[in-house]
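Here is the file my_file.cif (mmCIF, C-alpha atoms).
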```
data_target
#
loop_
_atom_site.label_atom_id
_atom_site.label_comp_id
_atom_site.auth_asym_id
_atom_site.auth_seq_id
_atom_site.Cartn_x
_atom_site.Cartn_y
_atom_site.Cartn_z
CA ASN A 99 2.92 -5.26 33.15
CA ALA A 100 4.93 -6.22 30.04
CA GLY A 101 2.32 -5.28 27.39
CA VAL A 102 3.23 -6.72 23.98
CA THR A 103 6.54 -8.57 23.85
CA GLN A 104 8.22 -9.43 20.55
CA THR A 105 11.28 -11.60 20.09
CA PRO A 106 13.83 -11.48 18.62
CA LYS A 107 14.53 -7.77 18.16
CA PHE A 108 17.01 -8.43 15.37
CA GLN A 109 17.48 -11.39 13.05
CA VAL A 110 19.53 -12.08 9.95
CA LEU A 111 18.47 -14.96 7.72
CA LYS A 112 19.68 -16.47 4.49
CA THR A 113 17.30 -16.86 1.59
CA GLY A 114 15.27 -20.03 1.99
CA GLN A 115 15.61 -20.31 5.76
CA SER A 116 12.55 -20.40 7.95
CA MET A 117 11.99 -18.72 11.28
CA THR A 118 9.33 -17.68 13.76
CA LEU A 119 8.80 -14.24 15.20
CA GLN A 120 7.26 -14.53 18.62
CA CYS A 121 4.59 -12.23 20.02
CA ALA A 122 3.05 -12.44 23.47
CA GLN A 123 0.71 -10.09 25.30
CA ASP A 124 -0.39 -10.15 28.92
CA MET A 125 -3.35 -7.78 28.67
CA ASN A 126 -5.97 -10.42 27.82
CA HIS A 127 -6.48 -8.82 24.41
CA GLU A 128 -8.68 -10.77 22.03
CA TYR A 129 -7.37 -9.09 18.89
CA MET A 130 -3.77 -9.58 17.74
CA SER A 131 -2.12 -8.68 14.47
CA TRP A 132 1.16 -8.53 12.59
CA TYR A 133 2.27 -5.58 10.47
CA ARG A 134 5.36 -5.00 8.41
CA GLN A 135 6.87 -1.55 7.99
CA ASP A 136 8.88 -0.69 4.91
CA PRO A 137 10.31 2.69 3.84
CA GLY A 138 7.88 4.53 1.60
CA MET A 139 5.18 1.88 2.12
CA GLY A 140 3.91 2.62 5.61
CA LEU A 141 2.55 -0.20 7.77
CA ARG A 142 0.83 -3.08 6.05
CA LEU A 143 -1.26 -5.75 7.73
CA ILE A 144 0.02 -9.31 7.28
CA HIS A 145 -2.31 -11.47 9.38
CA TYR A 146 -4.64 -10.93 12.28
CA SER A 147 -6.62 -12.90 14.84
CA VAL A 148 -9.83 -12.04 16.69
CA GLY A 149 -9.42 -14.81 19.25
CA ALA A 150 -7.82 -18.16 20.01
CA GLY A 151 -8.24 -20.53 17.08
CA ILE A 152 -9.30 -17.77 14.66
CA THR A 153 -6.93 -16.17 12.16
CA ASP A 154 -7.36 -14.30 8.91
CA GLN A 155 -5.28 -12.74 6.18
CA GLY A 156 -4.45 -9.09 5.92
CA GLU A 157 -3.13 -7.08 3.01
CA VAL A 158 0.18 -8.90 2.44
CA PRO A 159 -0.10 -12.50 3.75
CA ASN A 160 1.97 -14.36 1.15
CA GLY A 161 5.04 -16.10 2.56
CA TYR A 162 3.80 -15.88 6.15
CA ASN A 163 1.90 -18.24 8.40
CA VAL A 164 0.23 -17.65 11.76
CA SER A 165 -1.61 -19.60 14.43
CA ARG A 166 -3.39 -18.62 17.63
CA SER A 167 -3.53 -21.52 20.05
CA THR A 168 -3.80 -19.29 23.14
CA THR A 169 -5.11 -15.81 23.83
CA GLU A 170 -1.61 -14.64 24.80
CA ASP A 171 0.53 -15.80 21.86
CA PHE A 172 0.47 -15.03 18.15
CA PRO A 173 3.63 -16.24 16.39
CA LEU A 174 4.45 -15.26 12.81
CA ARG A 175 6.24 -17.88 10.72
CA LEU A 176 8.31 -17.18 7.64
CA LEU A 177 8.19 -20.38 5.65
CA SER A 178 11.05 -19.77 3.20
CA ALA A 179 12.61 -16.35 3.69
CA ALA A 180 13.14 -14.08 0.70
CA PRO A 181 15.01 -10.75 0.46
CA SER A 182 11.64 -9.06 -0.14
CA GLN A 183 10.75 -9.98 3.44
CA THR A 184 13.50 -7.76 4.81
CA SER A 185 11.49 -5.39 6.97
CA VAL A 186 10.58 -4.29 10.46
CA TYR A 187 7.76 -6.38 11.89
CA PHE A 188 5.32 -5.19 14.51
CA CYS A 189 2.90 -7.19 16.57
CA ALA A 190 -0.11 -5.25 17.89
CA SER A 191 -3.07 -6.16 20.06
CA SER A 192 -6.26 -4.66 21.41
CA LEU A 193 -9.37 -5.44 23.38
CA ALA A 194 -12.60 -6.55 21.78
CA GLY A 195 -15.78 -4.54 22.11
CA SER A 196 -16.80 -1.07 21.12
CA SER A 197 -15.70 1.18 23.96
CA SER A 198 -13.47 3.99 22.81
CA GLY A 199 -10.49 2.53 24.59
CA ALA A 200 -10.96 -0.79 22.88
CA ASN A 201 -10.07 0.73 19.55
CA VAL A 202 -6.47 1.38 20.47
CA LEU A 203 -3.78 -0.96 19.21
CA THR A 204 -0.88 -1.56 21.58
CA PHE A 205 2.32 -2.31 19.68
CA GLY A 206 5.35 -4.38 20.49
CA ALA A 207 8.81 -2.85 20.13
CA GLY A 208 9.34 -4.32 16.67
CA SER A 209 11.58 -6.98 15.15
CA ARG A 210 14.07 -6.03 12.46
CA LEU A 211 14.56 -8.85 9.98
CA THR A 212 17.21 -8.93 7.26
CA VAL A 213 17.16 -11.63 4.60
CA LEU A 214 20.38 -12.00 2.62
CA ALA B 184 -5.72 5.64 -4.66
CA GLN B 185 -4.32 6.23 -1.20
CA LYS B 186 -6.93 6.18 1.50
CA ILE B 187 -4.78 8.06 3.99
CA THR B 188 -2.68 10.93 2.70
CA GLN B 189 -0.06 12.74 4.70
CA THR B 190 1.25 15.41 2.37
CA GLN B 191 4.11 16.65 4.55
CA PRO B 192 7.08 14.27 4.42
CA GLY B 193 9.01 16.49 6.83
CA MET B 194 8.20 19.37 9.16
CA PHE B 195 10.26 21.65 11.37
CA VAL B 196 9.01 23.53 14.40
CA GLN B 197 10.65 25.70 17.01
CA GLU B 198 10.51 24.45 20.58
CA LYS B 199 7.45 25.76 22.49
CA GLU B 200 5.57 26.58 19.28
CA ALA B 201 2.48 24.76 18.00
CA VAL B 202 2.56 22.61 14.87
CA THR B 203 -0.13 21.04 12.70
CA LEU B 204 0.44 17.76 10.89
CA ASP B 205 -1.94 17.16 8.01
CA CYS B 206 -3.96 14.03 7.30
CA THR B 207 -6.69 13.56 4.73
CA TYR B 208 -8.65 10.36 4.28
CA ASP B 209 -10.94 8.75 1.80
CA THR B 210 -13.79 6.44 2.74
CA SER B 211 -17.38 5.83 1.77
CA ASP B 212 -18.24 4.40 5.20
CA GLN B 213 -20.32 6.52 7.54
CA SER B 214 -18.73 4.89 10.56
CA TYR B 215 -14.95 5.00 10.86
CA GLY B 216 -12.18 5.89 13.25
CA LEU B 217 -9.06 8.00 12.90
CA PHE B 218 -5.87 7.54 14.86
CA TRP B 219 -2.53 9.22 15.28
CA TYR B 220 0.56 7.33 16.35
CA LYS B 221 4.07 8.57 17.12
CA GLN B 222 7.20 6.62 16.24
CA PRO B 223 10.38 7.99 17.82
CA SER B 224 13.81 7.01 16.54
CA SER B 225 13.81 4.08 18.98
CA GLY B 226 11.16 2.49 16.76
CA GLU B 227 8.15 1.80 18.98
CA MET B 228 4.67 2.89 17.93
CA ILE B 229 2.94 5.07 20.54
CA PHE B 230 -0.78 5.82 20.40
CA LEU B 231 -1.56 9.52 20.69
CA ILE B 232 -5.21 10.26 19.95
CA TYR B 233 -8.41 8.81 18.49
CA GLN B 234 -11.44 10.39 16.79
CA GLY B 235 -14.59 8.48 15.93
CA SER B 236 -16.58 9.62 12.92
CA TYR B 237 -19.66 10.27 15.05
CA ASP B 238 -17.80 12.17 17.75
CA GLU B 239 -19.14 15.71 17.72
CA GLN B 240 -16.24 17.25 19.56
CA ASN B 241 -12.63 17.25 18.46
CA ALA B 242 -10.53 14.82 20.47
CA THR B 243 -7.91 16.17 22.86
CA GLU B 244 -5.22 14.40 24.87
CA GLY B 245 -2.96 16.71 26.80
CA ARG B 246 -0.88 18.70 24.28
CA TYR B 247 -2.41 16.77 21.36
CA SER B 248 -5.65 17.70 19.67
CA LEU B 249 -7.25 16.43 16.51
CA ASN B 250 -8.77 19.01 14.17
CA PHE B 251 -11.53 16.89 12.63
CA GLN B 252 -13.23 18.37 9.58
CA LYS B 253 -15.61 15.71 8.36
CA ALA B 254 -16.81 17.49 5.22
CA ARG B 255 -13.22 18.01 4.11
CA LYS B 256 -12.24 14.50 5.21
CA SER B 257 -9.32 15.81 7.17
CA ALA B 258 -8.02 14.84 10.61
CA ASN B 259 -5.05 17.04 11.34
CA LEU B 260 -2.98 16.58 14.48
CA VAL B 261 -2.14 19.72 16.43
CA ILE B 262 0.72 19.58 18.90
CA SER B 263 0.83 22.57 21.20
CA ALA B 264 3.96 23.82 22.99
CA SER B 265 6.34 21.52 21.10
CA GLN B 266 9.08 19.81 23.07
CA LEU B 267 12.38 18.34 21.91
CA GLY B 268 10.99 14.90 22.71
CA ASP B 269 8.26 15.41 20.11
CA SER B 270 10.83 14.87 17.34
CA ALA B 271 9.60 11.67 15.68
CA MET B 272 7.63 10.19 12.79
CA TYR B 273 3.89 10.72 13.07
CA PHE B 274 1.42 8.38 11.40
CA CYS B 275 -2.25 8.91 10.68
CA ALA B 276 -4.38 5.77 10.39
CA MET B 277 -8.02 4.92 9.70
CA ARG B 278 -10.32 2.07 10.64
CA GLU B 279 -13.14 1.74 8.13
CA GLY B 280 -16.45 0.59 9.49
CA ARG B 281 -17.61 0.11 13.03
CA GLU B 282 -15.33 -1.27 15.71
CA ALA B 283 -17.87 -4.01 16.45
CA GLY B 284 -16.90 -7.55 15.55
CA ASN B 285 -13.30 -6.88 16.49
CA ASN B 286 -12.71 -4.76 13.42
CA ARG B 287 -9.28 -3.39 14.18
CA LYS B 288 -7.76 -3.34 10.70
CA LEU B 289 -6.09 0.00 10.14
CA ILE B 290 -5.03 1.71 6.94
CA TRP B 291 -1.91 3.80 7.43
CA GLY B 292 -0.49 6.93 5.92
CA LEU B 293 3.19 7.16 5.02
CA GLY B 294 3.99 9.44 7.92
CA THR B 295 5.39 12.90 8.58
CA SER B 296 8.81 13.38 10.13
CA LEU B 297 8.74 16.17 12.71
CA ALA B 298 11.91 17.84 13.95
CA VAL B 299 11.70 20.17 16.93
CA ASN B 300 14.48 22.74 17.00
CA PRO B 301 15.78 24.17 20.29
#
```

Show this structure as C-alpha coordinates.
Amino acid sequence: NAGVTQTPKFQVLKTGQSMTLQCAQDMNHEYMSWYRQDPGMGLRLIHYSVGAGITDQGEVPNGYNVSRSTTEDFPLRLLSAAPSQTSVYFCASSLAGSSSGANVLTFGAGSRLTVL
Amino acid sequence: AQKITQTQPGMFVQEKEAVTLDCTYDTSDQSYGLFWYKQPSSGEMIFLIYQGSYDEQNATEGRYSLNFQKARKSANLVISASQLGDSAMYFCAMREGREAGNNRKLIWGLGTSLAVNP
(Lines of atoms letter the chains of each structure in order from A and count residues from 1; the text may use other names and numbers.)
(Lines give C-alpha, C1' and ligand atoms only; values in the text may rest on other atoms or scores of the structure.)
Protein backbone atom coordinates (compact mmCIF):
# COMPACT_ATOMS: atom_id res chain seq x y z
CA ASN A 1 0.00 0.00 0.00
CA ALA A 2 1.87 3.08 -1.28
CA GLY A 3 -0.33 5.76 0.35
CA VAL A 4 0.38 9.21 -1.13
CA THR A 5 3.16 9.32 -3.71
CA GLN A 6 4.74 12.59 -4.80
CA THR A 7 7.22 13.05 -7.62
CA PRO A 8 9.79 14.43 -8.06
CA LYS A 9 11.36 14.67 -4.60
CA PHE A 10 13.74 17.41 -5.72
CA GLN A 11 13.61 19.85 -8.62
CA VAL A 12 15.58 22.91 -9.65
CA LEU A 13 13.98 25.31 -12.10
CA LYS A 14 14.94 28.57 -13.72
CA THR A 15 12.67 31.57 -13.42
CA GLY A 16 9.93 31.40 -16.03
CA GLN A 17 10.03 27.64 -16.53
CA SER A 18 6.93 25.56 -15.98
CA MET A 19 6.64 22.18 -14.35
CA THR A 20 4.18 19.75 -12.80
CA LEU A 21 4.41 18.15 -9.39
CA GLN A 22 2.69 14.80 -9.45
CA CYS A 23 0.58 13.39 -6.64
CA ALA A 24 -1.12 10.01 -6.62
CA GLN A 25 -2.93 8.15 -3.85
CA ASP A 26 -4.17 4.58 -3.79
CA MET A 27 -6.48 4.81 -0.78
CA ASN A 28 -9.61 5.89 -2.68
CA HIS A 29 -9.57 9.23 -0.88
CA GLU A 30 -12.05 11.78 -2.14
CA TYR A 31 -10.24 14.78 -0.70
CA MET A 32 -6.80 15.83 -1.99
CA SER A 33 -4.85 18.99 -1.38
CA TRP A 34 -1.54 20.74 -1.94
CA TYR A 35 0.34 22.68 0.74
CA ARG A 36 3.56 24.59 0.66
CA GLN A 37 5.87 24.79 3.67
CA ASP A 38 8.16 27.75 4.15
CA PRO A 39 10.40 28.59 7.12
CA GLY A 40 8.58 30.83 9.58
CA MET A 41 5.31 30.53 7.63
CA GLY A 42 4.09 27.06 8.51
CA LEU A 43 2.01 25.09 6.01
CA ARG A 44 -0.27 27.01 3.69
CA LEU A 45 -3.00 25.54 1.53
CA ILE A 46 -2.58 26.13 -2.21
CA HIS A 47 -5.45 24.22 -3.84
CA TYR A 48 -7.72 21.38 -2.88
CA SER A 49 -10.23 19.00 -4.42
CA VAL A 50 -13.22 17.21 -2.90
CA GLY A 51 -13.59 14.78 -5.78
CA ALA A 52 -12.87 14.13 -9.44
CA GLY A 53 -13.70 17.19 -11.52
CA ILE A 54 -13.96 19.51 -8.50
CA THR A 55 -11.17 21.84 -7.41
CA ASP A 56 -11.00 25.01 -5.36
CA GLN A 57 -8.49 27.58 -4.24
CA GLY A 58 -6.81 27.63 -0.88
CA GLU A 59 -4.92 30.39 0.87
CA VAL A 60 -2.10 30.93 -1.65
CA PRO A 61 -3.29 29.81 -5.14
CA ASN A 62 -1.60 32.42 -7.33
CA GLY A 63 0.91 30.99 -9.81
CA TYR A 64 -0.41 27.44 -9.44
CA ASN A 65 -2.92 25.38 -11.37
CA VAL A 66 -4.55 22.06 -10.53
CA SER A 67 -6.92 19.56 -12.10
CA ARG A 68 -8.56 16.38 -10.84
CA SER A 69 -9.49 14.11 -13.72
CA THR A 70 -9.37 10.93 -11.62
CA THR A 71 -9.85 10.11 -7.96
CA GLU A 72 -6.23 8.95 -7.69
CA ASP A 73 -4.29 11.87 -9.21
CA PHE A 74 -4.00 15.54 -8.30
CA PRO A 75 -1.14 17.25 -10.16
CA LEU A 76 0.06 20.74 -9.26
CA ARG A 77 1.28 22.90 -12.15
CA LEU A 78 3.60 25.87 -11.83
CA LEU A 79 2.81 28.02 -14.83
CA SER A 80 5.85 30.33 -14.82
CA ALA A 81 8.15 29.61 -11.90
CA ALA A 82 9.33 32.46 -9.70
CA PRO A 83 11.95 32.48 -6.90
CA SER A 84 9.10 33.10 -4.43
CA GLN A 85 7.85 29.61 -5.26
CA THR A 86 10.98 28.03 -3.81
CA SER A 87 9.49 25.83 -1.12
CA VAL A 88 8.71 22.33 0.03
CA TYR A 89 5.41 21.11 -1.39
CA PHE A 90 3.20 18.52 0.24
CA CYS A 91 0.29 16.64 -1.21
CA ALA A 92 -2.24 15.34 1.34
CA SER A 93 -5.43 13.32 1.07
CA SER A 94 -8.23 12.01 3.23
CA LEU A 95 -11.53 10.19 3.13
CA ALA A 96 -14.85 11.96 2.89
CA GLY A 97 -17.47 11.64 5.58
CA SER A 98 -17.60 12.50 9.24
CA SER A 99 -16.14 9.51 11.05
CA SER A 100 -13.25 10.44 13.28
CA GLY A 101 -10.79 8.63 11.09
CA ALA A 102 -11.95 10.52 8.04
CA ASN A 103 -10.57 13.74 9.45
CA VAL A 104 -6.97 12.66 9.18
CA LEU A 105 -4.85 13.94 6.33
CA THR A 106 -2.28 11.50 4.95
CA PHE A 107 0.73 13.32 3.54
CA GLY A 108 3.14 12.51 0.78
CA ALA A 109 6.88 12.66 1.46
CA GLY A 110 7.21 16.17 0.04
CA SER A 111 8.83 17.75 -3.01
CA ARG A 112 11.59 20.29 -2.57
CA LEU A 113 11.52 22.89 -5.33
CA THR A 114 14.19 25.52 -5.92
CA VAL A 115 13.63 28.30 -8.43
CA LEU A 116 16.76 30.19 -9.47
CA ALA B 1 -4.07 37.50 14.14
CA GLN B 2 -2.73 33.97 14.24
CA LYS B 3 -5.41 31.37 14.71
CA ILE B 4 -2.99 28.71 15.92
CA THR B 5 -0.21 29.79 18.25
CA GLN B 6 2.66 27.60 19.31
CA THR B 7 4.68 29.75 21.68
CA GLN B 8 7.64 27.41 22.12
CA PRO B 9 9.97 27.55 19.11
CA GLY B 10 12.26 24.97 20.71
CA MET B 11 12.05 22.53 23.61
CA PHE B 12 14.48 20.14 25.23
CA VAL B 13 13.56 17.06 27.24
CA GLN B 14 15.55 14.30 28.85
CA GLU B 15 14.96 10.80 27.52
CA LYS B 16 12.21 8.93 29.45
CA GLU B 17 10.72 12.16 30.82
CA ALA B 18 7.36 13.64 29.84
CA VAL B 19 7.07 16.87 27.86
CA THR B 20 4.19 19.21 27.06
CA LEU B 21 4.04 21.16 23.82
CA ASP B 22 1.73 24.15 23.91
CA CYS B 23 -0.94 25.08 21.38
CA THR B 24 -3.58 27.77 21.69
CA TYR B 25 -6.21 28.44 19.07
CA ASP B 26 -8.71 31.08 18.14
CA THR B 27 -12.06 30.35 16.54
CA SER B 28 -15.65 31.48 16.84
CA ASP B 29 -16.97 28.16 15.52
CA GLN B 30 -18.60 25.80 17.98
CA SER B 31 -17.58 22.80 15.90
CA TYR B 32 -13.90 22.37 15.09
CA GLY B 33 -11.11 19.83 15.21
CA LEU B 34 -7.57 19.97 16.53
CA PHE B 35 -4.67 17.92 15.24
CA TRP B 36 -1.05 17.30 16.06
CA TYR B 37 1.45 16.22 13.45
CA LYS B 38 5.11 15.27 13.78
CA GLN B 39 7.74 16.14 11.19
CA PRO B 40 11.07 14.38 11.69
CA SER B 41 14.22 15.58 9.98
CA SER B 42 13.42 13.30 7.04
CA GLY B 43 10.58 15.68 6.21
CA GLU B 44 7.40 13.60 6.17
CA MET B 45 4.32 14.72 8.10
CA ILE B 46 3.04 12.07 10.52
CA PHE B 47 -0.40 12.30 12.14
CA LEU B 48 -0.29 11.86 15.91
CA ILE B 49 -3.62 12.68 17.52
CA TYR B 50 -7.01 14.33 16.93
CA GLN B 51 -9.49 16.05 19.25
CA GLY B 52 -12.96 17.12 18.19
CA SER B 53 -14.49 20.14 19.89
CA TYR B 54 -17.42 18.09 21.16
CA ASP B 55 -15.30 15.23 22.45
CA GLU B 56 -15.75 15.14 26.21
CA GLN B 57 -12.66 13.12 26.94
CA ASN B 58 -9.10 14.09 26.13
CA ALA B 59 -7.74 12.13 23.19
CA THR B 60 -4.99 9.59 23.78
CA GLU B 61 -2.89 7.57 21.34
CA GLY B 62 -0.23 5.45 22.97
CA ARG B 63 2.37 7.79 24.51
CA TYR B 64 0.57 10.86 23.12
CA SER B 65 -2.28 12.61 24.86
CA LEU B 66 -3.99 15.88 24.13
CA ASN B 67 -4.74 18.15 27.09
CA PHE B 68 -7.86 19.88 25.75
CA GLN B 69 -9.02 22.92 27.71
CA LYS B 70 -11.90 24.35 25.74
CA ALA B 71 -12.49 27.44 27.89
CA ARG B 72 -8.84 28.39 27.58
CA LYS B 73 -8.76 27.44 23.89
CA SER B 74 -5.71 25.31 24.39
CA ALA B 75 -4.84 21.88 23.00
CA ASN B 76 -1.47 20.94 24.41
CA LEU B 77 0.29 17.76 23.34
CA VAL B 78 1.75 15.62 26.11
CA ILE B 79 4.38 13.06 25.19
CA SER B 80 5.09 10.62 27.98
CA ALA B 81 8.34 8.66 28.38
CA SER B 82 10.19 10.57 25.66
CA GLN B 83 12.36 8.59 23.26
CA LEU B 84 15.26 9.71 21.10
CA GLY B 85 13.06 9.13 18.06
CA ASP B 86 10.66 11.80 19.31
CA SER B 87 13.15 14.49 18.28
CA ALA B 88 11.29 16.35 15.54
CA MET B 89 9.15 19.38 14.69
CA TYR B 90 5.64 19.21 16.08
CA PHE B 91 2.76 21.08 14.46
CA CYS B 92 -0.64 21.90 15.87
CA ALA B 93 -3.43 22.43 13.34
CA MET B 94 -7.13 23.28 13.42
CA ARG B 95 -10.08 22.57 11.16
CA GLU B 96 -12.78 25.19 11.61
CA GLY B 97 -16.34 24.01 11.23
CA ARG B 98 -17.73 20.54 10.89
CA GLU B 99 -15.97 17.85 8.91
CA ALA B 100 -19.12 17.34 6.82
CA GLY B 101 -18.97 18.38 3.20
CA ASN B 102 -15.36 17.28 2.95
CA ASN B 103 -14.15 20.21 4.99
CA ARG B 104 -10.53 19.27 5.47
CA LYS B 105 -8.88 22.69 5.30
CA LEU B 106 -6.44 23.02 8.17
CA ILE B 107 -4.86 26.10 9.70
CA TRP B 108 -1.37 25.39 10.97
CA GLY B 109 0.82 26.69 13.73
CA LEU B 110 4.49 27.45 13.11
CA GLY B 111 5.67 24.41 15.01
CA THR B 112 7.81 23.53 18.01
CA SER B 113 11.17 21.84 17.61
CA LEU B 114 11.65 19.13 20.23
CA ALA B 115 15.06 17.69 21.04
CA VAL B 116 15.27 14.61 23.24
CA ASN B 117 18.57 14.32 25.07
CA PRO B 118 20.02 10.91 26.01

Q: Could the residues of chain A within 12 Å of chain B, counting all atoms listed in the file, be given as an NGL selection string, please?
A: :A and (102-104 or 107 or 127-149 or 152 or 154-157 or 186-210)

Residues from the last selection, C-alpha atoms, saved as a CSV table (one decimal), in the coordinates of the input:
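Dumped everything to part18.csv:
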```
chain,number,residue,atom,x,y,z
A,102,VAL,CA,3.2,-6.7,24.0
A,103,THR,CA,6.5,-8.6,23.8
A,104,GLN,CA,8.2,-9.4,20.6
A,107,LYS,CA,14.5,-7.8,18.2
A,127,HIS,CA,-6.5,-8.8,24.4
A,128,GLU,CA,-8.7,-10.8,22.0
A,129,TYR,CA,-7.4,-9.1,18.9
A,130,MET,CA,-3.8,-9.6,17.7
A,131,SER,CA,-2.1,-8.7,14.5
A,132,TRP,CA,1.2,-8.5,12.6
A,133,TYR,CA,2.3,-5.6,10.5
A,134,ARG,CA,5.4,-5.0,8.4
A,135,GLN,CA,6.9,-1.6,8.0
A,136,ASP,CA,8.9,-0.7,4.9
A,137,PRO,CA,10.3,2.7,3.8
A,138,GLY,CA,7.9,4.5,1.6
A,139,MET,CA,5.2,1.9,2.1
A,140,GLY,CA,3.9,2.6,5.6
A,141,LEU,CA,2.6,-0.2,7.8
A,142,ARG,CA,0.8,-3.1,6.0
A,143,LEU,CA,-1.3,-5.8,7.7
A,144,ILE,CA,0.0,-9.3,7.3
A,145,HIS,CA,-2.3,-11.5,9.4
A,146,TYR,CA,-4.6,-10.9,12.3
A,147,SER,CA,-6.6,-12.9,14.8
A,148,VAL,CA,-9.8,-12.0,16.7
A,149,GLY,CA,-9.4,-14.8,19.2
A,152,ILE,CA,-9.3,-17.8,14.7
A,154,ASP,CA,-7.4,-14.3,8.9
A,155,GLN,CA,-5.3,-12.7,6.2
A,156,GLY,CA,-4.4,-9.1,5.9
A,157,GLU,CA,-3.1,-7.1,3.0
A,186,VAL,CA,10.6,-4.3,10.5
A,187,TYR,CA,7.8,-6.4,11.9
A,188,PHE,CA,5.3,-5.2,14.5
A,189,CYS,CA,2.9,-7.2,16.6
A,190,ALA,CA,-0.1,-5.2,17.9
A,191,SER,CA,-3.1,-6.2,20.1
A,192,SER,CA,-6.3,-4.7,21.4
A,193,LEU,CA,-9.4,-5.4,23.4
A,194,ALA,CA,-12.6,-6.6,21.8
A,195,GLY,CA,-15.8,-4.5,22.1
A,196,SER,CA,-16.8,-1.1,21.1
A,197,SER,CA,-15.7,1.2,24.0
A,198,SER,CA,-13.5,4.0,22.8
A,199,GLY,CA,-10.5,2.5,24.6
A,200,ALA,CA,-11.0,-0.8,22.9
A,201,ASN,CA,-10.1,0.7,19.6
A,202,VAL,CA,-6.5,1.4,20.5
A,203,LEU,CA,-3.8,-1.0,19.2
A,204,THR,CA,-0.9,-1.6,21.6
A,205,PHE,CA,2.3,-2.3,19.7
A,206,GLY,CA,5.4,-4.4,20.5
A,207,ALA,CA,8.8,-2.8,20.1
A,208,GLY,CA,9.3,-4.3,16.7
A,209,SER,CA,11.6,-7.0,15.2
A,210,ARG,CA,14.1,-6.0,12.5
```

Q: Give me, please, the distance in Å between atom CA of A:Gln183 and atom CA of A:Gly161, quoted to one decimal.
A: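 The value is 8.4 Å.
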
Q: Please identify all polymer residues within 7 Å of B:Leu267, counting all atoms listed in the file, omitting same-chain residues fewer than 2 positions from it, and present them as a list in words.
A: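 What passes the distance filter is Glu198, Ser265, Asp269, Ser270, Val299, Asn300 and Pro301 of chain B.
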
Q: Check which residues satisfy the PyMOL selection byres ((chain A and resi 179) around 9) in the file shown, then give them as a list in words.
A: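 Selection result, ordered by chain and number: Leu111, Lys112, Thr113, Gly114, Gln115, Ser116, Met117, Gly161, Leu176, Leu177, Ser178, Ala180, Pro181, Ser182, Gln183, Thr184, Val213 and Leu214 of chain A.
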
(Q) Can you tell me which residues surround stretch 207-212 of chain B at a distance of at most 10 Å, considering only C-alpha atoms, apart from same-chain residues fewer than 2 positions away, and format the answer as a count of residues only? (A) 30

Q | Test item: the PyMOL selection byres ((chain A and resi 119) around 8) resolved as a list in words | A |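 When the PyMOL selection byres ((chain A and resi 119) around 8) is applied to the shown file, the picked residues are Gln104, Thr105, Pro106, Met117, Thr118, Gln120, Cys121, Pro173, Leu174, Arg175 and Ser209 of chain A.
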
Q) For the atom pair atom CA of A:Tyr162 and atom CA of A:Val110, what is the interatomic distance in Å to one decimal place? A) 16.6 Å

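Here atom CA of B:Val196 and atom CA of B:Thr243 stand 20.3 Å from one another.
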
When you look at B:Thr203 with a cut-off of 7 Å (counting all atoms listed in the file), what residues show up, excluding the ones that are within fewer than 5 positions of it in the same chain? I need them as a PDB file with C-alpha atoms, keeping the file's coordinate frame.
```
ATOM      1  CA  ASN B 259      -5.050  17.040  11.340  1.00  0.00           C
ATOM      2  CA  LEU B 260      -2.980  16.580  14.480  1.00  0.00           C
ATOM      3  CA  VAL B 261      -2.140  19.720  16.430  1.00  0.00           C
ATOM      4  CA  ILE B 262       0.720  19.580  18.900  1.00  0.00           C
TER       5      ILE B 262
END
```

Using the chain letters and residue numbers of this document, give as a tab-separated table (two decimals) with C-alpha atoms, in the frame of the given file the residues selected by the PyMOL selection byres ((chain B and resi 296) around 7).
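Dumped to out.tsv:
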```tsv
chain	number	residue	atom	x	y	z
B	192	PRO	CA	7.08	14.27	4.42
B	193	GLY	CA	9.01	16.49	6.83
B	194	MET	CA	8.20	19.37	9.16
B	271	ALA	CA	9.60	11.67	15.68
B	272	MET	CA	7.63	10.19	12.79
B	273	TYR	CA	3.89	10.72	13.07
B	294	GLY	CA	3.99	9.44	7.92
B	295	THR	CA	5.39	12.90	8.58
B	297	LEU	CA	8.74	16.17	12.71
B	298	ALA	CA	11.91	17.84	13.95
```

Q. Restricting the calculation to all atoms listed in the file, which member of B:Trp219, B:Ser224, B:Glu200, B:Gly268 is positioned closest to B:Ala242?
A.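 With all atoms listed in the file as the atom set, the closest residue is B:Trp219.
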
Padding 6 Å on each side, edges along x, y and z: where is the centre of the box around the listed atoms of stretch 216-223 of chain B, and how long are its edges in Å to one decimal? Output it as AutoDock Vina command-line options.
```
--center_x -0.9 --center_y 7.6 --center_z 15.4 --size_x 34.6 --size_y 15.3 --size_z 16.9
```
